[in-house]
$ cat coords_36.txt   # compact mmCIF, C-alpha atoms
# COMPACT_ATOMS: atom_id res chain seq x y z
CA MET A 1 -57.73 20.68 140.30
CA PHE A 2 -57.27 23.81 142.44
CA PHE A 3 -58.85 21.93 145.32
CA VAL A 4 -56.28 19.14 144.98
CA LEU A 5 -53.39 21.65 144.89
CA TYR A 6 -54.76 23.32 147.97
CA LEU A 7 -54.85 19.99 149.76
CA GLY A 8 -51.27 19.41 148.70
CA ILE A 9 -50.20 22.54 150.48
CA ILE A 10 -51.95 21.94 153.78
CA LEU A 11 -51.89 18.16 154.07
CA PRO A 12 -48.97 15.86 154.68
CA TYR A 13 -47.49 13.93 151.77
CA ARG A 14 -49.18 10.63 152.72
CA THR A 15 -52.59 12.27 152.96
CA MET A 16 -52.01 13.92 149.58
CA LYS A 17 -51.20 10.56 148.08
CA ASN A 18 -54.46 9.11 149.39
CA VAL A 19 -56.48 12.01 148.02
CA LEU A 20 -54.92 11.60 144.57
CA THR A 21 -55.65 7.88 144.60
CA VAL A 22 -59.27 8.49 145.55
CA SER A 23 -59.60 11.17 142.82
CA ILE A 24 -58.25 8.80 140.18
CA LEU A 25 -60.59 6.03 141.32
CA ILE A 26 -63.58 8.36 141.20
CA SER A 27 -62.63 9.46 137.67
CA VAL A 28 -62.24 5.84 136.50
CA LEU A 29 -65.55 4.78 138.04
CA THR A 30 -67.34 7.78 136.51
CA PHE A 31 -65.86 6.98 133.09
CA CYS A 32 -66.80 3.30 133.37
CA GLY A 33 -70.30 4.26 134.50
CA ARG A 34 -70.82 6.46 131.45
CA ASN A 35 -69.40 3.76 129.21
CA GLN A 36 -71.76 1.16 130.67
CA ALA A 37 -74.75 3.52 130.33
CA VAL A 38 -74.03 4.02 126.62
CA ASP A 39 -73.73 0.26 126.05
CA GLU A 40 -77.00 -0.35 127.88
CA SER A 41 -78.78 2.28 125.75
CA LEU A 42 -77.40 0.73 122.56
CA ASP A 43 -78.51 -2.72 123.74
CA ARG A 44 -82.05 -1.43 124.46
CA ALA A 45 -82.25 0.26 121.07
CA GLU A 46 -81.14 -2.88 119.26
CA SER A 47 -83.53 -5.14 121.19
CA CYS A 48 -86.61 -3.10 120.21
CA MET A 49 -85.48 -2.26 116.66
CA SER A 50 -87.74 -4.76 114.87
CA ALA A 51 -90.88 -4.45 117.00
CA SER A 52 -90.70 -0.72 117.75
CA PRO A 53 -88.27 1.16 115.48
CA ASP A 54 -89.63 4.56 116.59
CA SER A 55 -88.70 3.76 120.21
CA ALA A 56 -85.26 2.57 119.07
CA LEU A 57 -84.71 5.85 117.24
CA ALA A 58 -85.80 7.85 120.29
CA ILE A 59 -83.31 5.96 122.49
CA LEU A 60 -80.47 6.52 120.02
CA GLU A 61 -81.23 10.24 119.68
CA SER A 62 -81.09 10.59 123.47
CA ILE A 63 -77.47 9.37 123.57
CA ASP A 64 -74.84 12.10 123.74
CA SER A 65 -71.98 11.27 121.36
CA ILE A 66 -69.42 12.86 123.69
CA HIS A 67 -69.86 9.84 125.97
CA PHE A 68 -68.48 7.44 123.33
CA ASP A 69 -65.21 6.07 124.61
CA SER A 70 -64.16 3.99 121.62
CA ARG A 71 -64.47 3.51 117.88
CA SER A 72 -66.51 0.36 118.49
CA GLN A 73 -69.22 2.29 120.37
CA ASN A 74 -69.26 5.02 117.73
CA ALA A 75 -69.53 2.44 114.91
CA ARG A 76 -72.30 0.53 116.64
CA TYR A 77 -74.23 3.75 117.27
CA ALA A 78 -73.81 4.78 113.60
CA LEU A 79 -75.07 1.39 112.39
CA LEU A 80 -78.06 1.22 114.73
CA LYS A 81 -79.12 4.78 113.94
CA SER A 82 -78.86 4.09 110.19
CA ILE A 83 -81.10 1.06 110.68
CA ALA A 84 -83.58 3.00 112.83
CA LEU A 85 -83.85 5.83 110.31
CA ASP A 86 -84.51 3.38 107.49
CA LYS A 87 -87.11 1.44 109.48
CA ASN A 88 -88.89 4.71 110.33
CA TYR A 89 -89.13 5.54 106.59
CA ILE A 90 -86.71 8.46 106.89
CA ASP A 91 -84.99 8.19 103.52
CA ARG A 92 -81.48 9.55 103.98
CA THR A 93 -79.26 10.19 100.97
CA ASP A 94 -76.16 11.19 102.96
CA ASP A 95 -73.83 8.24 103.59
CA SER A 96 -71.58 9.96 106.17
CA LEU A 97 -73.22 8.24 109.16
CA VAL A 98 -73.39 4.70 107.82
CA ASN A 99 -69.84 4.95 106.45
CA ILE A 100 -68.57 5.17 110.04
CA ALA A 101 -69.99 1.67 110.55
CA VAL A 102 -68.80 0.38 107.16
CA ASN A 103 -65.23 1.62 107.68
CA TYR A 104 -65.08 0.01 111.12
CA TYR A 105 -66.77 -3.35 110.55
CA ARG A 106 -65.17 -4.05 107.17
CA HIS A 107 -61.94 -4.88 109.10
CA ARG A 108 -63.67 -6.84 111.87
CA ARG A 109 -64.88 -10.43 112.18
CA ASN A 110 -68.38 -9.40 113.30
CA ALA A 111 -70.21 -10.81 110.23
CA PRO A 112 -73.79 -9.74 111.18
CA TYR A 113 -72.77 -6.11 111.77
CA LYS A 114 -70.51 -6.07 108.71
CA PHE A 115 -73.40 -7.39 106.61
CA LYS A 116 -75.85 -4.81 107.98
CA SER A 117 -73.44 -1.91 107.51
CA TYR A 118 -73.07 -2.73 103.80
CA TYR A 119 -76.82 -3.39 103.40
CA TYR A 120 -77.90 -0.08 104.93
CA GLN A 121 -75.20 1.72 102.95
CA ALA A 122 -76.89 0.27 99.86
CA ARG A 123 -80.29 1.49 101.08
CA ILE A 124 -78.94 5.06 101.28
CA TYR A 125 -77.52 4.81 97.76
CA GLN A 126 -80.89 3.54 96.55
CA ASN A 127 -82.58 6.55 98.14
CA ALA A 128 -80.12 8.79 96.30
CA GLY A 129 -80.73 7.00 92.97
CA LEU A 130 -77.13 5.73 92.86
CA MET A 131 -78.01 2.21 91.79
CA ASP A 132 -74.49 1.22 90.72
CA LYS A 133 -73.07 2.09 94.14
CA ALA A 134 -76.04 0.40 95.84
CA MET A 135 -75.42 -2.81 93.94
CA GLU A 136 -71.71 -2.67 94.79
CA SER A 137 -72.55 -2.44 98.52
CA LEU A 138 -75.03 -5.31 98.20
CA PHE A 139 -72.40 -7.47 96.50
CA CYS A 140 -70.03 -6.75 99.42
CA ALA A 141 -72.77 -7.83 101.83
CA GLU A 142 -73.56 -10.94 99.79
CA HIS A 143 -69.96 -12.17 99.90
CA ILE A 144 -69.89 -12.26 103.70
CA ARG A 145 -70.14 -15.88 104.89
CA SER A 146 -73.85 -16.70 104.74
CA ASN A 147 -73.72 -19.10 107.71
CA LYS A 148 -72.90 -16.09 109.91
CA VAL A 149 -75.86 -14.02 108.64
CA SER A 150 -79.52 -14.63 109.50
CA ALA A 151 -81.88 -15.93 106.81
CA GLU A 152 -84.13 -12.90 107.36
CA ASP A 153 -81.26 -10.50 106.60
CA LEU A 154 -80.32 -12.50 103.49
CA ALA A 155 -83.93 -12.32 102.27
CA ARG A 156 -83.81 -8.55 102.77
CA LEU A 157 -80.62 -8.42 100.68
CA TYR A 158 -82.16 -10.28 97.75
CA PHE A 159 -85.30 -8.13 97.84
CA ALA A 160 -83.07 -5.06 97.50
CA LYS A 161 -81.12 -6.58 94.60
CA ALA A 162 -84.39 -7.50 92.88
CA GLN A 163 -85.56 -3.88 93.10
CA ILE A 164 -82.37 -2.67 91.43
CA TYR A 165 -82.61 -5.24 88.63
CA PHE A 166 -86.23 -4.23 88.06
CA SER A 167 -85.25 -0.54 87.90
CA ARG A 168 -82.69 -1.57 85.24
CA PHE A 169 -85.40 -3.42 83.28
CA ASP A 170 -83.47 -6.66 83.81
CA LEU A 171 -86.45 -8.92 84.53
CA SER A 172 -84.43 -12.14 84.33
CA GLY A 173 -82.02 -10.86 86.98
CA GLU A 174 -84.94 -9.67 89.09
CA LEU A 175 -86.56 -13.12 89.01
CA ASP A 176 -83.32 -14.79 90.13
CA GLU A 177 -83.09 -12.50 93.14
CA LEU A 178 -86.78 -12.90 94.01
CA ARG A 179 -86.38 -16.69 94.08
CA GLU A 180 -83.52 -16.27 96.55
CA ALA A 181 -85.61 -13.84 98.59
CA ALA A 182 -88.47 -16.36 98.70
CA LYS A 183 -86.10 -19.18 99.70
CA TYR A 184 -84.57 -17.31 102.63
CA SER A 185 -87.95 -15.90 103.70
CA GLU A 186 -89.24 -19.46 103.92
CA ILE A 187 -86.15 -20.58 105.87
CA SER A 188 -86.61 -17.72 108.33
CA GLY A 189 -90.28 -18.60 108.77
CA ASN A 190 -91.48 -15.22 107.50
CA ASP A 191 -94.59 -16.23 105.53
CA ASN A 192 -95.48 -12.61 104.78
CA ASN A 193 -92.17 -11.97 102.99
CA TYR A 194 -92.33 -15.37 101.27
CA VAL A 195 -95.74 -14.52 99.81
CA SER A 196 -94.53 -11.03 98.88
CA ALA A 197 -91.57 -12.49 96.94
CA THR A 198 -93.87 -14.97 95.20
CA LEU A 199 -96.34 -12.25 94.22
CA SER A 200 -93.50 -10.11 92.85
CA GLN A 201 -92.46 -13.08 90.71
CA ALA A 202 -96.07 -13.41 89.53
CA ASN A 203 -96.11 -9.74 88.56
CA THR A 204 -92.91 -10.14 86.53
CA TYR A 205 -94.25 -13.26 84.78
CA LEU A 206 -97.34 -11.20 83.94
CA ILE A 207 -95.13 -8.57 82.28
CA LEU A 208 -93.33 -11.34 80.38
CA ARG A 209 -96.74 -12.90 79.49
CA ASP A 210 -95.62 -16.24 80.92
CA TYR A 211 -99.07 -17.14 82.20
CA HIS A 212 -98.20 -20.73 83.11
CA LYS A 213 -95.58 -19.62 85.66
CA LEU A 214 -97.89 -16.82 86.76
CA ASP A 215 -100.58 -19.39 87.59
CA SER A 216 -98.03 -21.47 89.50
CA CYS A 217 -97.12 -18.47 91.66
CA LEU A 218 -100.78 -17.63 92.35
CA THR A 219 -101.43 -21.27 93.27
CA ILE A 220 -98.68 -21.05 95.90
CA VAL A 221 -100.12 -17.80 97.24
CA ASN A 222 -103.64 -19.25 97.45
CA GLN A 223 -102.32 -21.95 99.78
CA HIS A 224 -101.73 -19.23 102.39
CA THR A 225 -105.07 -18.33 103.94
CA ASP A 226 -103.78 -15.66 106.35
CA LEU A 227 -102.47 -13.10 103.85
CA SER A 228 -101.55 -9.66 105.09
CA TYR A 229 -103.60 -6.72 103.83
CA GLN A 230 -100.84 -5.56 101.46
CA ASN A 231 -100.26 -9.02 100.01
CA HIS A 232 -103.99 -9.68 99.56
CA LEU A 233 -104.42 -6.34 97.76
CA LYS A 234 -101.37 -7.06 95.60
CA MET A 235 -102.81 -10.45 94.65
CA LEU A 236 -106.14 -8.83 93.60
CA ASP A 237 -104.16 -6.26 91.61
CA ILE A 238 -102.29 -8.99 89.71
CA LYS A 239 -105.47 -10.97 89.07
CA LEU A 240 -107.14 -7.85 87.65
CA LEU A 241 -104.19 -7.22 85.33
CA TYR A 242 -104.26 -10.87 84.31
CA SER A 243 -107.95 -10.56 83.40
CA LEU A 244 -107.13 -7.51 81.28
CA ASN A 245 -104.31 -9.26 79.43
CA VAL A 246 -106.22 -12.46 78.60
CA ASP A 247 -109.31 -10.62 77.31
CA SER A 248 -111.72 -11.83 79.95
CA SER A 249 -115.43 -11.19 79.53
CA VAL A 250 -116.95 -7.84 80.54
CA GLU A 251 -118.68 -9.49 83.50
CA ALA A 252 -115.45 -11.10 84.74
CA LEU A 253 -113.54 -7.82 84.41
CA LYS A 254 -116.23 -5.92 86.31
CA ALA A 255 -116.29 -8.54 89.06
CA ASP A 256 -112.49 -8.53 89.47
CA CYS A 257 -112.40 -4.72 89.43
CA GLU A 258 -115.15 -4.40 92.06
CA ARG A 259 -113.46 -7.01 94.25
CA TYR A 260 -110.20 -5.04 94.04
CA ILE A 261 -111.81 -1.65 94.81
CA ASN A 262 -114.01 -2.95 97.62
CA TYR A 263 -111.13 -4.67 99.42
CA ALA A 264 -108.97 -1.54 99.60
CA GLN A 265 -109.03 0.32 102.90
CA SER A 266 -108.02 3.59 101.27
CA GLU A 267 -108.23 5.08 97.78
CA SER A 268 -104.51 5.80 97.91
CA ASP A 269 -103.82 2.04 98.14
CA LEU A 270 -105.38 1.41 94.72
CA ASP A 271 -103.68 1.51 91.32
CA TRP A 272 -106.13 3.82 89.56
CA LYS A 273 -104.35 3.47 86.21
CA ILE A 274 -105.24 -0.24 86.12
CA ILE A 275 -108.84 0.61 87.05
CA ALA A 276 -108.90 3.21 84.25
CA GLN A 277 -107.71 0.53 81.78
CA VAL A 278 -110.54 -1.77 82.87
CA TYR A 279 -113.17 0.93 82.33
CA ILE A 280 -111.72 1.76 78.90
CA LYS A 281 -111.85 -1.93 78.01
CA ILE A 282 -115.51 -2.28 78.96
CA GLY A 283 -116.50 1.04 77.33
CA GLU A 284 -117.11 3.07 80.52
CA THR A 285 -115.12 6.15 79.49
CA GLU A 286 -116.58 8.49 82.12
CA LEU A 287 -115.60 6.07 84.87
CA SER A 288 -112.18 5.80 83.27
CA ARG A 289 -111.75 9.58 83.31
CA ASP A 290 -112.84 9.61 86.96
CA ALA A 291 -110.27 6.90 87.76
CA LEU A 292 -107.50 9.02 86.16
CA CYS A 293 -108.61 12.04 88.22
CA ARG A 294 -108.44 9.92 91.36
CA TYR A 295 -104.96 8.79 90.34
CA ILE A 296 -103.77 12.42 90.41
CA GLN A 297 -105.76 13.26 93.56
CA ASN A 298 -104.08 10.40 95.42
CA GLY A 299 -100.54 11.53 94.70
CA GLY A 300 -100.04 10.07 91.22
CA ASP A 301 -97.16 11.34 89.08
CA ILE A 302 -98.38 14.01 86.68
CA ASN A 303 -95.39 13.19 84.45
CA ASP A 304 -96.20 9.49 84.18
CA GLU A 305 -96.23 8.40 80.55
CA ALA A 306 -98.95 5.75 81.06
CA TYR A 307 -101.27 8.41 82.52
CA TYR A 308 -101.14 10.46 79.31
CA TYR A 309 -101.57 7.40 77.11
CA LEU A 310 -104.74 6.42 79.00
CA LEU A 311 -105.98 10.02 79.05
CA ALA A 312 -105.51 10.25 75.28
CA SER A 313 -107.53 7.03 74.86
CA VAL A 314 -110.39 8.44 76.96
CA GLN A 315 -110.35 11.79 75.15
CA LYS A 316 -110.37 10.07 71.76
CA SER A 317 -113.36 7.90 72.77
CA GLN A 318 -115.22 11.06 73.78
CA GLU A 319 -114.23 12.78 70.51
CA GLU A 320 -112.00 15.36 72.20
CA TYR A 321 -109.49 15.09 69.39
CA VAL A 322 -107.45 18.24 70.11
CA ASN A 323 -106.98 17.26 73.74
CA ALA A 324 -106.24 13.68 72.73
CA TYR A 325 -103.55 14.90 70.31
CA GLU A 326 -101.91 17.02 73.06
CA SER A 327 -101.97 14.10 75.48
CA ILE A 328 -100.43 11.71 72.97
CA ILE A 329 -97.68 14.25 72.20
CA ARG A 330 -96.99 14.52 75.92
CA TYR A 331 -96.90 10.72 76.15
CA ALA A 332 -94.42 10.51 73.25
CA LYS A 333 -92.05 13.05 74.86
CA LEU A 334 -92.11 11.28 78.22
CA SER A 335 -91.65 7.92 76.53
CA ASP A 336 -88.59 9.19 74.65
CA SER A 337 -87.08 10.58 77.86
CA LEU A 338 -87.63 7.23 79.60
CA ASP A 339 -85.90 5.42 76.71
CA LEU A 340 -82.99 7.83 77.14
CA VAL A 341 -82.78 6.96 80.83
CA LYS A 342 -82.70 3.25 79.93
CA ILE A 343 -79.90 3.83 77.43
CA ASN A 344 -77.89 5.94 79.92
CA GLN A 345 -78.22 3.24 82.58
CA GLU A 346 -77.11 0.54 80.15
CA VAL A 347 -74.17 2.66 78.94
CA LYS A 348 -73.11 3.38 82.52
CA SER A 349 -73.21 -0.33 83.40
CA VAL A 350 -71.24 -1.24 80.27
CA LYS A 351 -68.71 1.50 81.06
CA ASN A 352 -68.27 0.26 84.65
CA ASN A 353 -67.85 -3.34 83.50
CA TYR A 354 -65.32 -2.23 80.90
CA GLU A 355 -63.33 -0.18 83.44
CA ASN A 356 -63.34 -3.09 85.91
CA ASN A 357 -62.09 -5.48 83.22
CA ILE A 358 -59.35 -3.02 82.21
CA THR A 359 -58.22 -2.75 85.84
CA ILE A 360 -58.05 -6.55 86.16
CA ILE A 361 -56.05 -6.82 82.90
CA LYS A 362 -53.61 -4.12 84.07
CA GLN A 363 -53.10 -5.91 87.38
CA ARG A 364 -52.40 -9.18 85.58
CA ILE A 365 -49.94 -7.51 83.19
CA LEU A 366 -48.16 -5.89 86.15
CA PHE A 367 -47.94 -9.22 87.96
CA VAL A 368 -46.57 -11.02 84.90
CA THR A 369 -44.05 -8.21 84.30
CA ILE A 370 -42.78 -8.42 87.89
CA VAL A 371 -42.43 -12.21 87.63
CA ILE A 372 -40.49 -11.92 84.35
CA ILE A 373 -38.16 -9.27 85.84
CA LEU A 374 -37.52 -11.47 88.89
CA ILE A 375 -36.72 -14.46 86.67
CA ILE A 376 -34.28 -12.34 84.61
CA VAL A 377 -32.60 -11.01 87.77
CA ILE A 378 -32.22 -14.54 89.17
CA LEU A 379 -30.78 -15.81 85.89
CA LEU A 380 -28.33 -12.89 85.73
CA CYS A 381 -27.21 -13.54 89.30
CA LEU A 382 -26.66 -17.20 88.52
CA PHE A 383 -24.72 -16.31 85.38
CA ILE A 384 -22.50 -13.76 87.18
CA TYR A 385 -21.65 -16.02 90.15
CA GLN A 386 -20.77 -18.93 87.89
$ encode --input "coords_36.txt" --output "structure tokens"
Amino acid sequence: MFFVLYLGIILPYRTMKNVLTVSILISVLTFCGRNQAVDESLDRAESCMSASPDSALAILESIDSIHFDSRSQNARYALLKSIALDKNYIDRTDDSLVNIAVNYYRHRRNAPYKFKSYYYQARIYQNAGLMDKAMESLFCAEHIRSNKVSAEDLARLYFAKAQIYFSRFDLSGELDELREAAKYSEISGNDNNYVSATLSQANTYLILRDYHKLDSCLTIVNQHTDLSYQNHLKMLDIKLLYSLNVDSSVEALKADCERYINYAQSESDLDWKIIAQVYIKIGETELSRDALCRYIQNGGDINDEAYYYLLASVQKSQEEYVNAYESIIRYAKLSDSLDLVKINQEVKSVKNNYENNITIIKQRILFVTIVIILIIVILLCLFIYQ
């Protein structure tokens, strides 16, 4: 600036005018260059988001936010970074970043970005344990025109809704969402997600003891010969539980259990509580105790009620009655606390539904009242002017 003023003193007016013009042009070109660089970085991050989310996150973290020239750039950055964090298994519970995207795209006609902003807002609420708010965000995403949203994104939405219904112990609602997830996974050509949705249905039918539908799901899965490692292990897990529930022979249980253990690439991938149940069933209490130890060693929850129930069963079989009594007391306390959580969740849902219904009723009453007042005013005007 001082340089420009100096030129103004020593140069003629016309020369000064030219210098100012050049300065403005340089400023505009610099600004446009920065703007274009930010857009290019955002484009690169988005293009590699699915295949290499860690690279996408690195690109986004290298962008300096002071170079954003508009709300649209800021919103797109907020959305892409929220996606990258989620895909890199960084479970955020703070919604301040994603809300920038939600507040921008909710008023825009960009359906894919609007959908994703609500979906990843829901993911953050899930991480924070705020299932009511998560479901509200998912409902907002679901009501965006589906023909503007990819089948893969819709499948992701229904998987998330299924998880919330399962956490609420609403197995019927979970099954409905899993069927939708399977349908859109098939449409998108994602066989891995289709099989995953089908196996999750099989697991729920196993809980409900609907073995006919469970068999139907496993038949569908068996038609896919190129299962991913996770899906194959999940299928073996379900088959082992099925053998436990239908009282299979000792030989069949052993064979299914060995097949499950041998397939796993890591001990931490196994459900050691199921393995412990198998060993209890076939009378191998020492192996069952070892399985429960491995459950804890591999990051199992020490406050899991099923763990104490199984431990009490093992201790009773080995005539450790005092320890068995302590374990069963611990199981009872944890079970009661879980029942309380269920009740609180149900009460909260009922309360929210009630409050929503009251709001709707109040709005209707207000509307009717306004209409009646308008009719009275019109009638009075007609009466007066007659």
$ residues_around --input "coords_36.txt" --residues "Asp247 in chain A" --least-positions-apart "5" --cutoff "12 Å" --atoms "all atoms listed in the file" --output "short mmCIF file (atom, residue, chain, number, x, y, z; two decimals) with C-alpha atoms, in the coordinates of the input"
data_model
loop_
_atom_site.label_atom_id
_atom_site.label_comp_id
_atom_site.auth_asym_id
_atom_site.auth_seq_id
_atom_site.Cartn_x
_atom_site.Cartn_y
_atom_site.Cartn_z
CA LEU A 240 -107.14 -7.85 87.65
CA LEU A 241 -104.19 -7.22 85.33
CA TYR A 242 -104.26 -10.87 84.31
CA ALA A 252 -115.45 -11.10 84.74
CA LEU A 253 -113.54 -7.82 84.41
CA VAL A 278 -110.54 -1.77 82.87
CA LYS A 281 -111.85 -1.93 78.01
CA ILE A 282 -115.51 -2.28 78.96
#
$ residues_around --input "coords_36.txt" --residues "Ser243 in chain A" --least-positions-apart "4" --cutoff "12 Å" --atoms "only C-alpha atoms" --output "MDAnalysis selection string"
chainID A and resid 206 211 236:239 247:257 274:275 277:278 281
$ closest_atom_pairs --input "coords_36.txt" --of "range 83-138 of chain A" --to "range 165-173 of chain A" --cutoff "12 Å" --atoms "only C-alpha atoms" --output "Markdown table"
| residue | atom | partner | partner_atom | distance |
| --- | --- | --- | --- | --- |
| A:Gln126 | CA | A:Ser167 | CA | 10.5 |
| A:Gly129 | CA | A:Ser167 | CA | 10.1 |
| A:Leu130 | CA | A:Ser167 | CA | 11.4 |
| A:Met131 | CA | A:Ser167 | CA | 8.7 |
| A:Asp132 | CA | A:Arg168 | CA | 10.2 |
| A:Ala134 | CA | A:Tyr165 | CA | 11.3 |
| A:Met135 | CA | A:Tyr165 | CA | 9.3 |
$ residues_around --input "coords_36.txt" --residues "Asp304 in chain A" --least-positions-apart "6" --cutoff "12 Å" --atoms "only C-alpha atoms" --output "MDAnalysis selection string"
chainID A and resid 273 292 295:296 310:311 327 330:335 337:338
$ atom_distance --input "coords_36.txt" --atom1 "CA of Ser70 in chain A" --atom2 "CA of Val38 in chain A"
11.1 Å
$ atom_distance --input "coords_36.txt" --atom1 "CA of Lys316 in chain A" --atom2 "CA of Arg209 in chain A"
27.8 Å
$ atom_distance --input "coords_36.txt" --atom1 "CA of Trp272 in chain A" --atom2 "CA of Ile124 in chain A"
29.6 Å
$ closest_residue --input "coords_36.txt" --among "A:Tyr309, A:Phe159, A:Phe139, A:Tyr279" --to "Gln121 in chain A" --atoms "all atoms listed in the file"
A:Phe139
$ closest_residue --input "coords_36.txt" --among "A:Ala312, A:Ile261, A:Val246, A:Ile361" --to "Ala324 in chain A" --atoms "all atoms listed in the file"
A:Ala312
$ residues_around --input "coords_36.txt" --residues "range 194-204 of chain A" --least-positions-apart "4" --cutoff "7 Å" --atoms "all atoms listed in the file" --output "list in words"
Leu171, Leu175, Leu178, Ala181, Ala182, Ser185, Glu186, Asn190, Leu208, Leu214, Cys217, Leu218, Val221, Asn231, Met235 and Ile238 of chain A
$ decode --input "coords_36.txt" --residues "range 159-179 of chain A" --atoms "N, CA and C atoms" --output "PDB file, in the first residue's frame"
ATOM      1  N   PHE A 159     -28.763 -49.836   6.783  1.00  0.00           N
ATOM      2  CA  PHE A 159     -27.909 -50.545   7.745  1.00  0.00           C
ATOM      3  C   PHE A 159     -27.870 -49.782   9.071  1.00  0.00           C
ATOM      4  N   ALA A 160     -27.717 -48.457   8.983  1.00  0.00           N
ATOM      5  CA  ALA A 160     -27.649 -47.629  10.192  1.00  0.00           C
ATOM      6  C   ALA A 160     -28.963 -47.681  10.972  1.00  0.00           C
ATOM      7  N   LYS A 161     -30.089 -47.610  10.258  1.00  0.00           N
ATOM      8  CA  LYS A 161     -31.390 -47.692  10.933  1.00  0.00           C
ATOM      9  C   LYS A 161     -31.577 -49.053  11.598  1.00  0.00           C
ATOM     10  N   ALA A 162     -31.114 -50.109  10.923  1.00  0.00           N
ATOM     11  CA  ALA A 162     -31.220 -51.459  11.497  1.00  0.00           C
ATOM     12  C   ALA A 162     -30.444 -51.565  12.806  1.00  0.00           C
ATOM     13  N   GLN A 163     -29.262 -50.957  12.855  1.00  0.00           N
ATOM     14  CA  GLN A 163     -28.457 -50.973  14.076  1.00  0.00           C
ATOM     15  C   GLN A 163     -29.191 -50.313  15.232  1.00  0.00           C
ATOM     16  N   ILE A 164     -29.861 -49.195  14.935  1.00  0.00           N
ATOM     17  CA  ILE A 164     -30.579 -48.476  15.995  1.00  0.00           C
ATOM     18  C   ILE A 164     -31.774 -49.294  16.477  1.00  0.00           C
ATOM     19  N   TYR A 165     -32.509 -49.900  15.551  1.00  0.00           N
ATOM     20  CA  TYR A 165     -33.644 -50.740  15.961  1.00  0.00           C
ATOM     21  C   TYR A 165     -33.173 -51.922  16.806  1.00  0.00           C
ATOM     22  N   PHE A 166     -32.030 -52.500  16.439  1.00  0.00           N
ATOM     23  CA  PHE A 166     -31.491 -53.620  17.206  1.00  0.00           C
ATOM     24  C   PHE A 166     -31.087 -53.164  18.612  1.00  0.00           C
ATOM     25  N   SER A 167     -30.497 -51.973  18.712  1.00  0.00           N
ATOM     26  CA  SER A 167     -30.102 -51.454  20.026  1.00  0.00           C
ATOM     27  C   SER A 167     -31.321 -51.170  20.895  1.00  0.00           C
ATOM     28  N   ARG A 168     -32.480 -50.955  20.241  1.00  0.00           N
ATOM     29  CA  ARG A 168     -33.737 -50.723  20.958  1.00  0.00           C
ATOM     30  C   ARG A 168     -34.502 -52.022  21.208  1.00  0.00           C
ATOM     31  N   PHE A 169     -33.902 -53.139  20.813  1.00  0.00           N
ATOM     32  CA  PHE A 169     -34.538 -54.454  20.972  1.00  0.00           C
ATOM     33  C   PHE A 169     -35.820 -54.585  20.152  1.00  0.00           C
ATOM     34  N   ASP A 170     -35.898 -53.793  19.081  1.00  0.00           N
ATOM     35  CA  ASP A 170     -37.028 -53.864  18.153  1.00  0.00           C
ATOM     36  C   ASP A 170     -36.584 -54.720  16.964  1.00  0.00           C
ATOM     37  N   LEU A 171     -36.716 -56.046  17.099  1.00  0.00           N
ATOM     38  CA  LEU A 171     -36.195 -56.952  16.078  1.00  0.00           C
ATOM     39  C   LEU A 171     -37.031 -56.917  14.803  1.00  0.00           C
ATOM     40  N   SER A 172     -38.326 -56.662  14.941  1.00  0.00           N
ATOM     41  CA  SER A 172     -39.177 -56.560  13.756  1.00  0.00           C
ATOM     42  C   SER A 172     -38.772 -55.357  12.907  1.00  0.00           C
ATOM     43  N   GLY A 173     -38.549 -54.212  13.579  1.00  0.00           N
ATOM     44  CA  GLY A 173     -38.098 -53.024  12.862  1.00  0.00           C
ATOM     45  C   GLY A 173     -36.733 -53.229  12.239  1.00  0.00           C
ATOM     46  N   GLU A 174     -35.854 -53.930  12.962  1.00  0.00           N
ATOM     47  CA  GLU A 174     -34.519 -54.209  12.426  1.00  0.00           C
ATOM     48  C   GLU A 174     -34.602 -55.036  11.148  1.00  0.00           C
ATOM     49  N   LEU A 175     -35.448 -56.063  11.152  1.00  0.00           N
ATOM     50  CA  LEU A 175     -35.587 -56.918   9.968  1.00  0.00           C
ATOM     51  C   LEU A 175     -36.087 -56.133   8.759  1.00  0.00           C
ATOM     52  N   ASP A 176     -37.033 -55.225   8.980  1.00  0.00           N
ATOM     53  CA  ASP A 176     -37.548 -54.401   7.877  1.00  0.00           C
ATOM     54  C   ASP A 176     -36.422 -53.587   7.236  1.00  0.00           C
ATOM     55  N   GLU A 177     -35.580 -52.994   8.085  1.00  0.00           N
ATOM     56  CA  GLU A 177     -34.492 -52.164   7.565  1.00  0.00           C
ATOM     57  C   GLU A 177     -33.417 -53.021   6.885  1.00  0.00           C
ATOM     58  N   LEU A 178     -33.161 -54.205   7.412  1.00  0.00           N
ATOM     59  CA  LEU A 178     -32.163 -55.087   6.798  1.00  0.00           C
ATOM     60  C   LEU A 178     -32.616 -55.566   5.419  1.00  0.00           C
ATOM     61  N   ARG A 179     -33.909 -55.775   5.255  1.00  0.00           N
ATOM     62  CA  ARG A 179     -34.417 -56.167   3.921  1.00  0.00           C
ATOM     63  C   ARG A 179     -34.180 -55.033   2.925  1.00  0.00           C
TER      64      ARG A 179
END
